[in-house]
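Structure file data_24.cif; described as mmCIF, C-alpha atoms and all ligand atoms.
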data_upload
loop_
_atom_site.group_PDB
_atom_site.id
_atom_site.type_symbol
_atom_site.label_atom_id
_atom_site.label_comp_id
_atom_site.auth_asym_id
_atom_site.auth_seq_id
_atom_site.Cartn_x
_atom_site.Cartn_y
_atom_site.Cartn_z
ATOM 1 C CA MET A 1 -10.382 6.689 -94.044
ATOM 2 C CA ALA A 2 -9.541 3.960 -91.572
ATOM 3 C CA ILE A 3 -12.083 1.973 -89.594
ATOM 4 C CA GLU A 4 -11.342 2.736 -85.960
ATOM 5 C CA GLN A 5 -12.593 1.724 -82.546
ATOM 6 C CA THR A 6 -12.940 4.141 -79.649
ATOM 7 C CA LEU A 7 -13.774 3.768 -75.978
ATOM 8 C CA VAL A 8 -16.494 5.972 -74.537
ATOM 9 C CA ILE A 9 -17.240 6.049 -70.830
ATOM 10 C CA ILE A 10 -20.253 7.805 -69.389
ATOM 11 C CA LYS A 11 -18.703 8.922 -66.115
ATOM 12 C CA PRO A 12 -20.542 8.925 -62.751
ATOM 13 C CA ASP A 13 -21.649 12.560 -63.153
ATOM 14 C CA GLY A 14 -23.196 11.694 -66.530
ATOM 15 C CA LEU A 15 -25.155 8.852 -64.957
ATOM 16 C CA ILE A 16 -26.230 10.759 -61.856
ATOM 17 C CA LYS A 17 -27.435 13.706 -63.957
ATOM 18 C CA SER A 18 -29.604 11.313 -66.029
ATOM 19 C CA LEU A 19 -27.726 12.173 -69.193
ATOM 20 C CA THR A 20 -27.263 8.631 -70.502
ATOM 21 C CA GLY A 21 -30.023 8.735 -73.129
ATOM 22 C CA ASN A 22 -29.056 12.216 -74.207
ATOM 23 C CA ILE A 23 -25.379 11.288 -74.599
ATOM 24 C CA LEU A 24 -26.215 8.127 -76.571
ATOM 25 C CA SER A 25 -28.493 10.171 -78.852
ATOM 26 C CA ARG A 26 -25.767 12.725 -79.461
ATOM 27 C CA LEU A 27 -23.271 9.959 -80.227
ATOM 28 C CA SER A 28 -25.709 8.279 -82.619
ATOM 29 C CA GLU A 29 -25.347 11.365 -84.853
ATOM 30 C CA THR A 30 -21.942 9.910 -85.815
ATOM 31 C CA LYS A 31 -23.600 6.852 -87.418
ATOM 32 C CA LEU A 32 -20.928 4.731 -85.755
ATOM 33 C CA ILE A 33 -21.933 1.313 -84.437
ATOM 34 C CA ILE A 34 -21.731 0.096 -80.846
ATOM 35 C CA ILE A 35 -19.746 -3.152 -80.628
ATOM 36 C CA GLY A 36 -19.481 -3.377 -76.834
ATOM 37 C CA ALA A 37 -21.364 -1.977 -73.846
ATOM 38 C CA LYS A 38 -21.440 -2.689 -70.129
ATOM 39 C CA VAL A 39 -21.919 -1.153 -66.702
ATOM 40 C CA VAL A 40 -18.681 -1.262 -64.744
ATOM 41 C CA GLN A 41 -17.885 -0.773 -61.086
ATOM 42 C CA VAL A 42 -14.481 0.874 -61.448
ATOM 43 C CA THR A 43 -11.822 -0.486 -59.102
ATOM 44 C CA ASP A 44 -8.953 1.556 -57.722
ATOM 45 C CA LYS A 45 -6.593 -0.484 -59.932
ATOM 46 C CA LEU A 46 -8.590 0.153 -63.127
ATOM 47 C CA ALA A 47 -8.913 3.871 -62.344
ATOM 48 C CA ARG A 48 -5.168 4.279 -61.788
ATOM 49 C CA GLU A 49 -4.283 2.316 -64.929
ATOM 50 C CA HIS A 50 -6.800 4.226 -67.056
ATOM 51 C CA TYR A 51 -5.466 7.592 -65.905
ATOM 52 C CA LYS A 52 -1.813 6.647 -65.420
ATOM 53 C CA HIS A 53 -0.691 9.351 -67.907
ATOM 54 C CA LEU A 54 -1.885 11.890 -65.306
ATOM 55 C CA MET A 55 -0.217 10.219 -62.300
ATOM 56 C CA ASP A 56 1.969 13.243 -61.546
ATOM 57 C CA LYS A 57 -0.841 15.807 -61.695
ATOM 58 C CA PRO A 58 -2.021 17.454 -58.461
ATOM 59 C CA PHE A 59 -5.617 16.396 -59.210
ATOM 60 C CA PHE A 60 -4.768 12.706 -59.797
ATOM 61 C CA GLU A 61 -6.097 11.309 -56.494
ATOM 62 C CA GLU A 62 -9.332 13.232 -56.880
ATOM 63 C CA LEU A 63 -9.633 12.055 -60.483
ATOM 64 C CA VAL A 64 -9.365 8.435 -59.273
ATOM 65 C CA HIS A 65 -12.146 9.054 -56.716
ATOM 66 C CA TYR A 66 -14.238 10.757 -59.388
ATOM 67 C CA ILE A 67 -14.095 7.950 -61.962
ATOM 68 C CA MET A 68 -14.686 5.348 -59.216
ATOM 69 C CA GLY A 69 -17.910 7.175 -58.332
ATOM 70 C CA ASP A 70 -16.931 8.136 -54.778
ATOM 71 C CA VAL A 71 -17.673 11.789 -55.492
ATOM 72 C CA HIS A 72 -21.182 11.157 -56.852
ATOM 73 C CA HIS A 73 -22.045 8.195 -54.611
ATOM 74 C CA THR A 74 -22.761 5.913 -57.549
ATOM 75 C CA HIS A 75 -20.172 3.256 -58.064
ATOM 76 C CA ARG A 76 -20.704 2.592 -61.716
ATOM 77 C CA VAL A 77 -19.962 3.934 -65.163
ATOM 78 C CA LEU A 78 -21.230 2.908 -68.604
ATOM 79 C CA ALA A 79 -18.436 1.753 -70.918
ATOM 80 C CA LEU A 80 -19.045 1.564 -74.681
ATOM 81 C CA VAL A 81 -16.978 0.730 -77.737
ATOM 82 C CA TYR A 82 -17.906 2.537 -80.945
ATOM 83 C CA GLN A 83 -16.603 1.459 -84.340
ATOM 84 C CA GLY A 84 -16.522 3.050 -87.769
ATOM 85 C CA GLU A 85 -14.687 5.358 -90.116
ATOM 86 C CA ASN A 86 -12.714 8.010 -88.286
ATOM 87 C CA ALA A 87 -14.462 7.024 -85.046
ATOM 88 C CA ILE A 88 -11.966 8.656 -82.679
ATOM 89 C CA ALA A 89 -12.182 12.174 -84.131
ATOM 90 C CA LYS A 90 -15.938 11.959 -84.725
ATOM 91 C CA VAL A 91 -16.608 11.085 -81.088
ATOM 92 C CA ARG A 92 -14.101 13.621 -79.711
ATOM 93 C CA GLU A 93 -15.794 16.345 -81.738
ATOM 94 C CA ILE A 94 -19.202 15.688 -80.176
ATOM 95 C CA VAL A 95 -17.652 15.150 -76.725
ATOM 96 C CA GLY A 96 -15.747 18.462 -76.799
ATOM 97 C CA ASP A 97 -12.642 19.861 -75.099
ATOM 98 C CA THR A 98 -11.278 18.405 -71.865
ATOM 99 C CA ASN A 99 -11.969 21.668 -70.031
ATOM 100 C CA PRO A 100 -15.771 22.169 -69.948
ATOM 101 C CA GLU A 101 -15.349 25.948 -69.799
ATOM 102 C CA LYS A 102 -13.357 25.936 -73.014
ATOM 103 C CA ALA A 103 -15.444 23.260 -74.745
ATOM 104 C CA ASN A 104 -17.828 24.252 -77.513
ATOM 105 C CA PRO A 105 -21.158 24.929 -75.728
ATOM 106 C CA VAL A 106 -22.999 22.531 -78.039
ATOM 107 C CA SER A 107 -20.583 19.674 -77.234
ATOM 108 C CA ILE A 108 -21.499 17.226 -74.463
ATOM 109 C CA ARG A 109 -18.787 18.552 -72.137
ATOM 110 C CA GLY A 110 -19.576 22.169 -73.015
ATOM 111 C CA ALA A 111 -23.245 21.680 -72.267
ATOM 112 C CA TYR A 112 -23.040 19.507 -69.164
ATOM 113 C CA GLY A 113 -19.519 19.591 -67.684
ATOM 114 C CA ARG A 114 -18.366 21.654 -64.724
ATOM 115 C CA ILE A 115 -15.186 22.485 -62.871
ATOM 116 C CA THR A 116 -15.315 21.629 -59.184
ATOM 117 C CA THR A 117 -13.949 23.994 -56.569
ATOM 118 C CA SER A 118 -11.135 21.530 -55.942
ATOM 119 C CA GLY A 119 -10.208 21.738 -59.609
ATOM 120 C CA VAL A 120 -11.170 18.457 -61.287
ATOM 121 C CA PHE A 121 -12.949 18.749 -64.592
ATOM 122 C CA GLU A 122 -16.210 16.824 -64.172
ATOM 123 C CA ASN A 123 -16.738 16.487 -67.883
ATOM 124 C CA VAL A 124 -19.392 13.746 -68.077
ATOM 125 C CA VAL A 125 -17.740 11.486 -70.646
ATOM 126 C CA HIS A 126 -14.422 9.919 -71.554
ATOM 127 C CA ALA A 127 -13.437 9.345 -75.189
ATOM 128 C CA SER A 128 -10.190 7.854 -76.499
ATOM 129 C CA SER A 129 -7.865 10.362 -78.110
ATOM 130 C CA SER A 130 -5.688 8.289 -80.478
ATOM 131 C CA PRO A 131 -5.711 4.811 -82.063
ATOM 132 C CA GLU A 132 -2.959 3.728 -79.642
ATOM 133 C CA ASP A 133 -4.902 4.993 -76.616
ATOM 134 C CA ALA A 134 -8.111 3.434 -77.932
ATOM 135 C CA GLU A 135 -6.497 0.002 -78.294
ATOM 136 C CA HIS A 136 -4.915 0.186 -74.849
ATOM 137 C CA GLU A 137 -8.145 1.399 -73.239
ATOM 138 C CA ILE A 138 -10.465 -1.085 -74.986
ATOM 139 C CA LYS A 139 -8.174 -3.961 -73.980
ATOM 140 C CA LEU A 140 -8.101 -2.622 -70.432
ATOM 141 C CA TRP A 141 -11.881 -2.301 -70.078
ATOM 142 C CA PHE A 142 -13.189 -5.200 -72.208
ATOM 143 C CA ARG A 143 -12.425 -8.870 -72.674
ATOM 144 C CA PRO A 144 -12.437 -10.205 -76.265
ATOM 145 C CA ALA A 145 -15.747 -12.064 -75.753
ATOM 146 C CA GLU A 146 -17.477 -8.835 -74.711
ATOM 147 C CA ILE A 147 -16.848 -7.215 -78.088
ATOM 148 C CA VAL A 148 -18.745 -8.157 -81.231
ATOM 149 C CA GLY A 149 -16.397 -8.967 -84.098
ATOM 150 C CA LEU A 150 -12.651 -9.345 -84.428
ATOM 151 C CA VAL A 151 -11.198 -6.010 -83.435
ATOM 152 C CA TYR A 152 -7.682 -6.891 -82.290
ATOM 153 C CA PRO A 153 -5.781 -10.192 -82.591
ATOM 154 C CA MET A 154 -6.778 -12.761 -79.988
ATOM 155 C CA LYS A 155 -5.223 -15.930 -78.674
ATOM 156 C CA ASP A 156 -6.564 -19.103 -77.077
ATOM 157 C CA VAL A 157 -5.649 -19.588 -73.453
ATOM 158 C CA VAL A 158 -6.275 -22.870 -71.636
ATOM 159 C CA MET A 159 -7.707 -22.127 -68.203
ATOM 160 C CA GLU A 160 -7.180 -24.507 -65.333
ATOM 161 C CA LYS A 161 -9.241 -24.405 -62.170
ATOM 162 C CA VAL A 162 -11.076 -21.213 -62.991
ATOM 163 C CA ILE A 163 -13.741 -20.276 -60.470
ATOM 164 C CA GLU A 164 -16.572 -18.209 -61.888
ATOM 165 C CA GLN A 165 -19.816 -17.051 -60.340
ATOM 166 C CA GLU A 166 -23.082 -18.604 -61.520
ATOM 167 C CA TRP A 167 -26.665 -17.876 -60.524
ATOM 168 C CA ALA A 168 -27.396 -19.828 -57.347
HETATM 169 P P1 LIG A 201 -9.436 13.821 -72.045
HETATM 170 O O1 LIG A 201 -10.433 13.162 -71.093
HETATM 171 O O2 LIG A 201 -10.056 14.970 -72.779
HETATM 172 O O3 LIG A 201 -8.747 12.835 -72.958
HETATM 173 P P2 LIG A 201 -7.061 13.826 -70.357
HETATM 174 O O4 LIG A 201 -5.933 14.817 -70.434
HETATM 175 O O5 LIG A 201 -6.801 12.435 -70.820
HETATM 176 O O6 LIG A 201 -8.307 14.488 -71.142
HETATM 177 O O7 LIG A 201 -7.558 13.844 -68.848
HETATM 178 C C1 LIG A 201 -8.398 12.838 -68.341
HETATM 179 C C2 LIG A 201 -9.419 13.477 -67.387
HETATM 180 O O8 LIG A 201 -8.735 14.122 -66.298
HETATM 181 C C3 LIG A 201 -10.235 14.600 -68.033
HETATM 182 O O9 LIG A 201 -11.333 14.126 -68.777
HETATM 183 C C4 LIG A 201 -10.663 15.398 -66.806
HETATM 184 O O10 LIG A 201 -11.750 14.753 -66.106
HETATM 185 C C5 LIG A 201 -9.411 15.331 -65.943
HETATM 186 N N1 LIG A 201 -8.485 16.442 -66.212
HETATM 187 C C6 LIG A 201 -7.589 16.532 -67.229
HETATM 188 N N2 LIG A 201 -6.875 17.667 -67.182
HETATM 189 C C7 LIG A 201 -7.326 18.318 -66.096
HETATM 190 C C8 LIG A 201 -6.965 19.586 -65.499
HETATM 191 O O11 LIG A 201 -6.081 20.338 -65.965
HETATM 192 N N3 LIG A 201 -7.647 19.940 -64.375
HETATM 193 C C9 LIG A 201 -8.607 19.158 -63.839
HETATM 194 N N4 LIG A 201 -8.989 17.963 -64.338
HETATM 195 C C10 LIG A 201 -8.349 17.547 -65.472
HETATM 196 MG MG MG A 202 -7.412 11.304 -72.512
#
Would you encode the structure as structure tokens?
Ligand code: IDP
Ligand code: MG
Amino acid sequence: MAIEQTLVIIKPDGLIKSLTGNILSRLSETKLIIIGAKVVQVTDKLAREHYKHLMDKPFFEELVHYIMGDVHHTHRVLALVYQGENAIAKVREIVGDTNPEKANPVSIRGAYGRITTSGVFENVVHASSSPEDAEHEIKLWFRPAEIVGLVYPMKDVVMEKVIEQEWA
């Protein structure tokens, strides 16, 4: 069985419902290890890139607002990278089906997700669904230095005139 990485995002509804600890406990059942974790304020650009496979869906604009936190008035999500054998399927199993009404009731989405009247599935967590998606998503959400260990090939880039923020 291959060692895989997978991206998990605790979406704004997961945070606002105080489900963070519960979700992390459920995911720890997999015995996978966390190799990256951070709180992210999702930009419009990141939201559209992350969900670009759904660009043509009628719920796309609402989905962008949802992941950005506009709907739940909390502009943050918790992004995590899990690593281990068969990580993608193991996490998807605990996370459950995309549609919370169809998801196994003991899965995270089955237990805590809901369908809004406007039709978006507020399903509490994101989890990558294939090795290709996982690689694309992890590279989109994390920089190499934010991940522990060599996960994907890296390259050195010489920066000139980079302005970064420091504590004042
Ligand atoms: P996934 O999150 O299970 O991988 P995707 O098809 O990648 O499912 O969809 C991304 C997100 O878009 C879902 O988690 C859900 O929030 C929302 N979504 C997907 N399909 C629908 C739908 O048919 N109606 C409403 N919302 C949807
Ligand atoms: Mg998906």
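All residues, whether protein, DNA or RNA, that have an atom at most 7 Å from ligand LIG 201 (chain A) (counting only C-alpha atoms and all ligand atoms) are Tyr51, Leu54, Phe59, Leu63, Asp97, Thr98, Asn99, Gly119, Val120, Phe121, Glu122, Asn123, His126, Ala127, Ser128 and Ser129 of chain A.
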Where's the centre, and what are the edge lengths in Å to one decimal, of a box along x, y and z enclosing all listed atoms of range 39-54 of chain A padded 5 Å per side, as lines of an AutoDock Vina configuration file?
center_x = -11.3
center_y = 5.3
center_z = -62.8
size_x = 31.2
size_y = 23.2
size_z = 20.2
Which residues, written as a list in words, have at least one atom at most 6 Å from Asn86 in chain A, with only C-alpha atoms counted and residues fewer than 2 positions away on the same chain left out?
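Returned residues: Glu4, Ile88 and Ala89 of chain A.
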With a cut-off of 10 Å, could you pull out the residues of range 2-87 of chain A touching range 101-115 of chain A and give me the nearest pair of atoms for each, distance in Å to one decimal, using all atoms listed in the file, ordered by chain and ascending number, as JSON lines?
{"residue": "A:Asp13", "atom": "CA", "partner": "A:Gly113", "partner_atom": "CA", "distance": 8.6}
{"residue": "A:Gly14", "atom": "CA", "partner": "A:Tyr112", "partner_atom": "CA", "distance": 8.2}
{"residue": "A:Lys17", "atom": "CA", "partner": "A:Tyr112", "partner_atom": "CA", "distance": 8.9}
{"residue": "A:Leu19", "atom": "CA", "partner": "A:Tyr112", "partner_atom": "CA", "distance": 8.7}
{"residue": "A:Asn22", "atom": "CA", "partner": "A:Ile108", "partner_atom": "CA", "distance": 9.1}
{"residue": "A:Ile23", "atom": "CA", "partner": "A:Ile108", "partner_atom": "CA", "distance": 7.1}
{"residue": "A:Arg26", "atom": "CA", "partner": "A:Ile108", "partner_atom": "CA", "distance": 8.0}
{"residue": "A:Leu27", "atom": "CA", "partner": "A:Ile108", "partner_atom": "CA", "distance": 9.4}
Between A:Glu166, A:Pro131, A:Lys139, A:Val95, which is the closest to Glu29 in chain A once you count all atoms listed in the file?
A:Val95
Written as a PyMOL selection string, which residues does the PyMOL selection byres (((chain A and resi 142-150) around 12) and not hetatm) give for the file shown?
chain A and resi 5-8+33-40+46+78-83+134-141+151-157
Go through A:Lys161, A:Pro12, A:His53, A:Gly69 and flag the residue nearest ligand MG 202 (chain A), using all atoms listed in the file for the distances.
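Residue with the minimum atom-to-atom distance to ligand MG 202 (chain A): A:His53.
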What would the list of residues within 9 Å of (-18.1, 8.9, -61.6) (file frame) look like as a count of residues only, if all atoms listed in the file are what count?
23
Please, what distance in Å, to one decimal, runs between CA of Ile3 in chain A and CA of His50 in chain A?
23.3 Å
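Taking only C-alpha atoms and all ligand atoms into account, ligand MG 202 (chain A) lies nearest to A:Lys52 out of the set A:Lys52, A:Gly84, A:Glu160, A:Ile94.
Checking A:Gln165, A:Thr20, A:Ser130, A:Gln41 one by one against ligand MG 202 (chain A), counting all atoms listed in the file, you find the shortest gap at A:Ser130.
Between CA of Arg92 in chain A and CA of Ser25 in chain A the interatomic distance comes to 14.8 Å.
Here CA of Glu93 in chain A stands at a distance of 14.2 Å from CA of Leu24 in chain A.
Closest approach to Pro58 in chain A among A:Asp133, A:Ser118, A:Ile163, A:Pro100: A:Ser118, based on all atoms listed in the file.
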Between A:Val91, A:Glu62, A:Thr30, A:Val158, which one has atoms that come closest to Val125 in chain A, using all atoms listed in the file?
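Ranking A:Val91, A:Glu62, A:Thr30, A:Val158 by distance to Val125 in chain A, first place goes to A:Val91.
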